[in-house]
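Written out below as structure tokens is the structure these notes cover.
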Amino acid sequence: MDSADPARAFVKDVKRIIIKVGTAVVTRGDGRLALGRMGSLCEQIRELTSQGFEVILVTSGAVGVGRQRLRYRKLINSSFADLQKPQGDLDGKACAAVGQNGLMALYDTLFSQLDVTSAQLMVTDNDFRDPDFRRQLNETVNSLLCLKVVPIFNENDAISTRKAPYEDSSGIFWDNDSLAALLALELKADLLVLLSDVEGLYTGPPSDPQSELIHTYAKEKHEGLITFGDKSRVGRGGMTAKVKAAVYAAYAGIPVVITSGFANNNIIKALDGQRVGTLFHREAIKWASIGDFDAREMAVSARECARQLQTLSSQERSKILLDIADALEAKEEEILAENEADVAAAQQAGYENSLISRLAMKPGKISSLANSVRVLANMDEPVGRILRRTELADGIILEKTSSPLGVLLIIFESRPDALVQIASLAVRSGNGLLLKGGKEAKRSNAILHKVITSSIPPTVGERLIGLVTSREEIPELLKLDDVIDLVIPRGSNKLVSQIKAATKIPVLGHADGICHVFIDKSADLDMAKRIVLDAKTDYPAACNAMETLLVHEDLVQTGGLNDLILELQEKGVSLFGGPKASSVLSIPEANSFHHEYGALACTVEIVEDVNTAIEHIHRHGSAHTDSIITEDKEVAELFLRQVDSAAVLHNASTRFSDGFRFGLGAEVGISTSRIHARGPVGVEGLLTTRWLARGSGQVVDGDKEIVYTHRDLNLEA
């Protein structure tokens, strides 16, 4: 169980369980019993009883089974002439009487095969009006459970005083869903599980692609907002009846889970604390801010707040950023204390040094972050800039303007400072934002989010920037392609690849940071030494750190490489070689050229010339950042023009490939995509464009009356 999910924490106290299985689960489409599903149910119950749980089963299905059997009996006993007559409906009570016998016989057979004893208890609505009956019911059930017997309840529809089991919903209970809820209260159950033919409660009919599973139902939040589909194909009420029963039991103090009886082991999973189906709990509203069911609302709220943000003037948005910068510095001690707690927990958990390095906020970091936010605040206004003005025809002017993307979802690992950069960029660019940081930085992220959102004025709303706290919310967020406009994953190759495979939302980012430095034969070797050491050792865990060093073969022959290799080794850099370098330098051979170390290690290889270096980079690199060190301008220009990476540098460290260092104020990440934004992504990468046309009554009318001029105009009106 995910300890961060209090909505599933109640299971640790569960002892007595009532499981209600619906007609749609125990029968097939043709009305016959679904032996496979019933067998799986009995196996789960056997497993639960062996673990010490007390299990009570409430089953539907007798009427459906009886109807199928009586139809068959009527068919074989009818003459051809009888079959030509209109066929009336079968009596529901007769169906119940016939079906109950076969249903219980099958349960007895299945449980006997599993060495489990079951007992049948038939009840009617009127029984519960008698206090003596209720007292005896408790005594009988308690006695059976003490003997490890599974009580199986069903309403005795055959002798019910209601007119018909499908028509009369009066009384203390009116179907097996409400019976299960009543028994849960009467027998003091700790959990009620309602098995259905769908995964749980959805925001609309499950067949509607726009409907989404509600993981935790809060009556105060969801009542009146849900559109129910058709009722059960064979039962009395379908999901509507289950929800009514679940709300009744849950708000009386008994947690309820509605989940699929078609999926394997869903009951076991629910009791393991896994998030299956829909949970009903009287404390559910308290979990609204962290529950998975809140994913859409978070995204919608971020969009609504972003629209309010966009109505502010440039000066007002800048003021928000300046307030954020001041708040960061004012709360520095609190922020660093929470960060130190995260670092200590990560060390105790045995995380890799590279992750801990990214996690730790070093001295001066808060001041540096505050300054970067102030740089953004003082930038020229990026939103609403006129990029192009065109006269389409006399009296109609078209403008192309910069515009926010909408709502961004940023998923990042380890680095809490990324939260500050991303949030400030969202404010500057007028976008709504959802943030999901790594669990190793949960304290740091929480305090930073609190500091930042407290600086957002009420006219905009602090839900402009939402902090996602549960990993299990990510799959739901990635489905919201109608609300979220861009996903930017910042982290490992595995993380980025998983995100790209799991969503229809456009993804901006890079999967690898395999950055190269090539030392040409004409390089200034003192300069080369400074650049290489900086590119590798300044921040080894960064995505723009050098991972592969390529050296012109002439430098090996002149001995110019030796000092650099010794210097790297003295700095603690582990060296691995390609086929040539490992032999010449007597270093271990690298397993692969396509490898991102993220630590004090790198690959070295010897190449013939600049063309061979370019070929190597294209074959083994990740199109992130690559650099050449040379005094030959022609060679430098060739490298700059032909290396197809997001950032290409001459006589400079790869570590310069960064939003702040490029003058963007900050960055949400570095993109190796060739669509939209490439390289360090700052404010401009979070903007799109839209068209504004101002006319004076023009119509198209087949272009008969209009003369197009398409004349470019000055950007200033």
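Scheme for the structure tokens: letters A, B, ... for chains in order shown; per-chain residue numbers from 1; ligand numbers from 1 in order shown.
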
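Near region 672-679 of chain A, within a cut-off of 9 Å and counting only C-alpha atoms, sit the residues A:Val507, A:Leu508, A:Gly509, A:His510, A:Ala511, A:Asp512, A:Ser622, A:Ala623, A:His624, A:Thr625, A:Ser645, A:Ala646, A:Ala647, A:Ser657, A:Asp658, A:Gly659, A:Gly669, A:Glu684, A:Gly685, A:Leu686, A:Thr688, with same-chain residues fewer than 3 positions away left out.
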
Shell of 12 Å around Gly682 (chain A), only C-alpha atoms, local chain residues under 2 positions omitted, as a short mmCIF file (atom, residue, chain, number, x, y, z; two decimals) with C-alpha atoms, in the first residue's frame:
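Contents of result.cif, freshly written:
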```cif
data_model
loop_
_atom_site.label_atom_id
_atom_site.label_comp_id
_atom_site.auth_asym_id
_atom_site.auth_seq_id
_atom_site.Cartn_x
_atom_site.Cartn_y
_atom_site.Cartn_z
CA SER A 372 16.47 34.37 -11.22
CA LEU A 376 12.00 37.10 -15.07
CA MET A 379 11.86 40.90 -18.63
CA PRO A 382 6.15 38.14 -23.42
CA GLN A 421 12.02 27.95 -11.84
CA ILE A 422 9.00 26.29 -13.40
CA ALA A 423 6.44 28.11 -11.25
CA SER A 424 7.98 31.51 -11.95
CA LEU A 425 8.06 30.79 -15.69
CA ALA A 426 4.39 29.80 -15.58
CA VAL A 427 3.46 33.10 -13.92
CA ARG A 428 5.56 35.13 -16.38
CA SER A 429 4.05 33.33 -19.39
CA ASP A 658 20.95 26.32 -19.54
CA GLY A 659 17.97 28.69 -19.52
CA PHE A 660 19.41 31.08 -16.94
CA ARG A 661 22.86 31.17 -18.59
CA PHE A 662 21.25 31.72 -22.01
CA GLY A 663 19.48 34.76 -20.59
CA LEU A 664 16.04 33.18 -20.51
CA GLY A 665 15.64 33.93 -16.80
CA ALA A 666 14.98 30.27 -16.00
CA GLU A 667 13.99 27.10 -17.78
CA VAL A 668 11.36 24.41 -17.49
CA GLY A 669 13.73 21.95 -19.12
CA ILE A 670 15.84 21.29 -22.16
CA SER A 671 14.06 19.96 -25.21
CA ALA A 677 10.74 24.49 -28.76
CA ARG A 678 14.31 23.16 -28.84
CA GLY A 679 17.15 23.52 -26.37
CA PRO A 680 16.67 25.32 -23.02
CA GLU A 684 9.07 31.79 -25.20
CA GLY A 685 8.89 28.00 -25.23
CA LEU A 686 5.73 28.19 -23.12
CA LEU A 687 3.92 30.43 -25.57
#
```

* To do: Might you pull out every residue within 8 Å of region 340-342 of chain A, with only C-alpha atoms counted and same-chain residues fewer than 5 positions away left off, and present them as a PyMOL selection string?
  => chain A and resi 359-360+440-444

With all heavy atoms retained, could you export that selection as a PDB file, in the first residue's frame?
```
ATOM      1  N   LEU A 359      19.177  16.648  -5.189  1.00  0.00           N
ATOM      2  CA  LEU A 359      18.184  16.956  -4.174  1.00  0.00           C
ATOM      3  C   LEU A 359      18.619  18.091  -3.250  1.00  0.00           C
ATOM      4  O   LEU A 359      17.813  18.936  -2.860  1.00  0.00           O
ATOM      5  CB  LEU A 359      17.903  15.693  -3.351  1.00  0.00           C
ATOM      6  CG  LEU A 359      16.976  15.800  -2.139  1.00  0.00           C
ATOM      7  CD1 LEU A 359      15.588  16.275  -2.566  1.00  0.00           C
ATOM      8  CD2 LEU A 359      16.881  14.448  -1.436  1.00  0.00           C
ATOM      9  N   ALA A 360      19.893  18.123  -2.903  1.00  0.00           N
ATOM     10  CA  ALA A 360      20.388  19.068  -1.895  1.00  0.00           C
ATOM     11  C   ALA A 360      20.404  20.496  -2.429  1.00  0.00           C
ATOM     12  O   ALA A 360      20.865  20.761  -3.541  1.00  0.00           O
ATOM     13  CB  ALA A 360      21.785  18.668  -1.448  1.00  0.00           C
ATOM     14  N   GLU A 440      11.196  11.756  -3.039  1.00  0.00           N
ATOM     15  CA  GLU A 440      12.366  12.032  -2.208  1.00  0.00           C
ATOM     16  C   GLU A 440      12.473  13.515  -1.836  1.00  0.00           C
ATOM     17  O   GLU A 440      13.183  13.878  -0.907  1.00  0.00           O
ATOM     18  CB  GLU A 440      13.645  11.578  -2.936  1.00  0.00           C
ATOM     19  CG  GLU A 440      13.971  12.325  -4.212  1.00  0.00           C
ATOM     20  CD  GLU A 440      13.167  11.863  -5.416  1.00  0.00           C
ATOM     21  OE1 GLU A 440      12.453  10.840  -5.305  1.00  0.00           O
ATOM     22  OE2 GLU A 440      13.248  12.526  -6.464  1.00  0.00           O
ATOM     23  N   ALA A 441      11.743  14.390  -2.549  1.00  0.00           N
ATOM     24  CA  ALA A 441      11.791  15.832  -2.276  1.00  0.00           C
ATOM     25  C   ALA A 441      10.446  16.354  -1.774  1.00  0.00           C
ATOM     26  O   ALA A 441      10.160  17.542  -1.897  1.00  0.00           O
ATOM     27  CB  ALA A 441      12.204  16.583  -3.543  1.00  0.00           C
ATOM     28  N   LYS A 442       9.637  15.499  -1.176  1.00  0.00           N
ATOM     29  CA  LYS A 442       8.264  15.895  -0.851  1.00  0.00           C
ATOM     30  C   LYS A 442       8.208  17.037   0.158  1.00  0.00           C
ATOM     31  O   LYS A 442       7.355  17.924   0.050  1.00  0.00           O
ATOM     32  CB  LYS A 442       7.475  14.690  -0.334  1.00  0.00           C
ATOM     33  CG  LYS A 442       7.990  14.054   0.929  1.00  0.00           C
ATOM     34  CD  LYS A 442       7.134  12.843   1.316  1.00  0.00           C
ATOM     35  CE  LYS A 442       7.646  12.181   2.590  1.00  0.00           C
ATOM     36  NZ  LYS A 442       6.834  10.992   2.938  1.00  0.00           N
ATOM     37  N   ARG A 443       9.115  17.077   1.130  1.00  0.00           N
ATOM     38  CA  ARG A 443       9.090  18.167   2.115  1.00  0.00           C
ATOM     39  C   ARG A 443       9.527  19.473   1.463  1.00  0.00           C
ATOM     40  O   ARG A 443       8.906  20.522   1.673  1.00  0.00           O
ATOM     41  CB  ARG A 443      10.006  17.825   3.294  1.00  0.00           C
ATOM     42  CG  ARG A 443       9.568  16.616   4.111  1.00  0.00           C
ATOM     43  CD  ARG A 443      10.580  16.319   5.221  1.00  0.00           C
ATOM     44  NE  ARG A 443      10.241  15.136   5.985  1.00  0.00           N
ATOM     45  CZ  ARG A 443      10.580  13.894   5.651  1.00  0.00           C
ATOM     46  NH1 ARG A 443      11.273  13.682   4.544  1.00  0.00           N
ATOM     47  NH2 ARG A 443      10.232  12.870   6.402  1.00  0.00           N
ATOM     48  N   SER A 444      10.585  19.403   0.685  1.00  0.00           N
ATOM     49  CA  SER A 444      11.076  20.609   0.002  1.00  0.00           C
ATOM     50  C   SER A 444      10.027  21.156  -0.947  1.00  0.00           C
ATOM     51  O   SER A 444       9.772  22.370  -0.990  1.00  0.00           O
ATOM     52  CB  SER A 444      12.362  20.281  -0.768  1.00  0.00           C
ATOM     53  OG  SER A 444      13.336  19.703   0.069  1.00  0.00           O
TER      54      SER A 444
END
```

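Here the question is which of A:Ile411, A:Thr59, A:Thr548, A:Thr49 gets nearest to Ile499 (chain A) using only C-alpha atoms, and that residue is A:Ile411.
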
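Distances here use only C-alpha atoms; by that measure, the residue among A:Arg32, A:Leu480, A:Asn266, A:Pro255 closest to Asp13 (chain A) is A:Pro255.
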
* Counting only C-alpha atoms, what is within 9 Å of Leu114 (chain A), bar same-chain residues fewer than 3 positions away, as a PyMOL selection string? -> chain A and resi 42-43+46+109-111+117

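Among A:Gly598, A:Ser696, A:Gly406, A:Val343, the residue with the shortest atom-to-atom distance to Asp485 (chain A), counting only C-alpha atoms, is A:Gly406.
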
* Nearest to Arg275 (chain A): which of A:Met239, A:Ile214, A:Leu309, A:Val21 is it, counting only C-alpha atoms? -> A:Ile214

* What are the DSSP alpha helix (DSSP H) residues of region 568-706 of chain A, as a PyMOL selection string? -> chain A and resi 568-570+579-585+610-620+633-642

* Structure fact -> Between A:Arg67, A:His618, A:Arg374, A:Arg655, smallest distance to Phe639 (chain A) by only C-alpha atoms belongs to A:His618

* For region 569-585 of chain A, work out the shell of residues within 12 Å, counting only C-alpha atoms and skipping chain neighbours fewer than 3 positions away, then give it as a PyMOL selection string. => chain A and resi 532-538+540+546-553+556-557+559+561-566+588-595+597-608+616+620
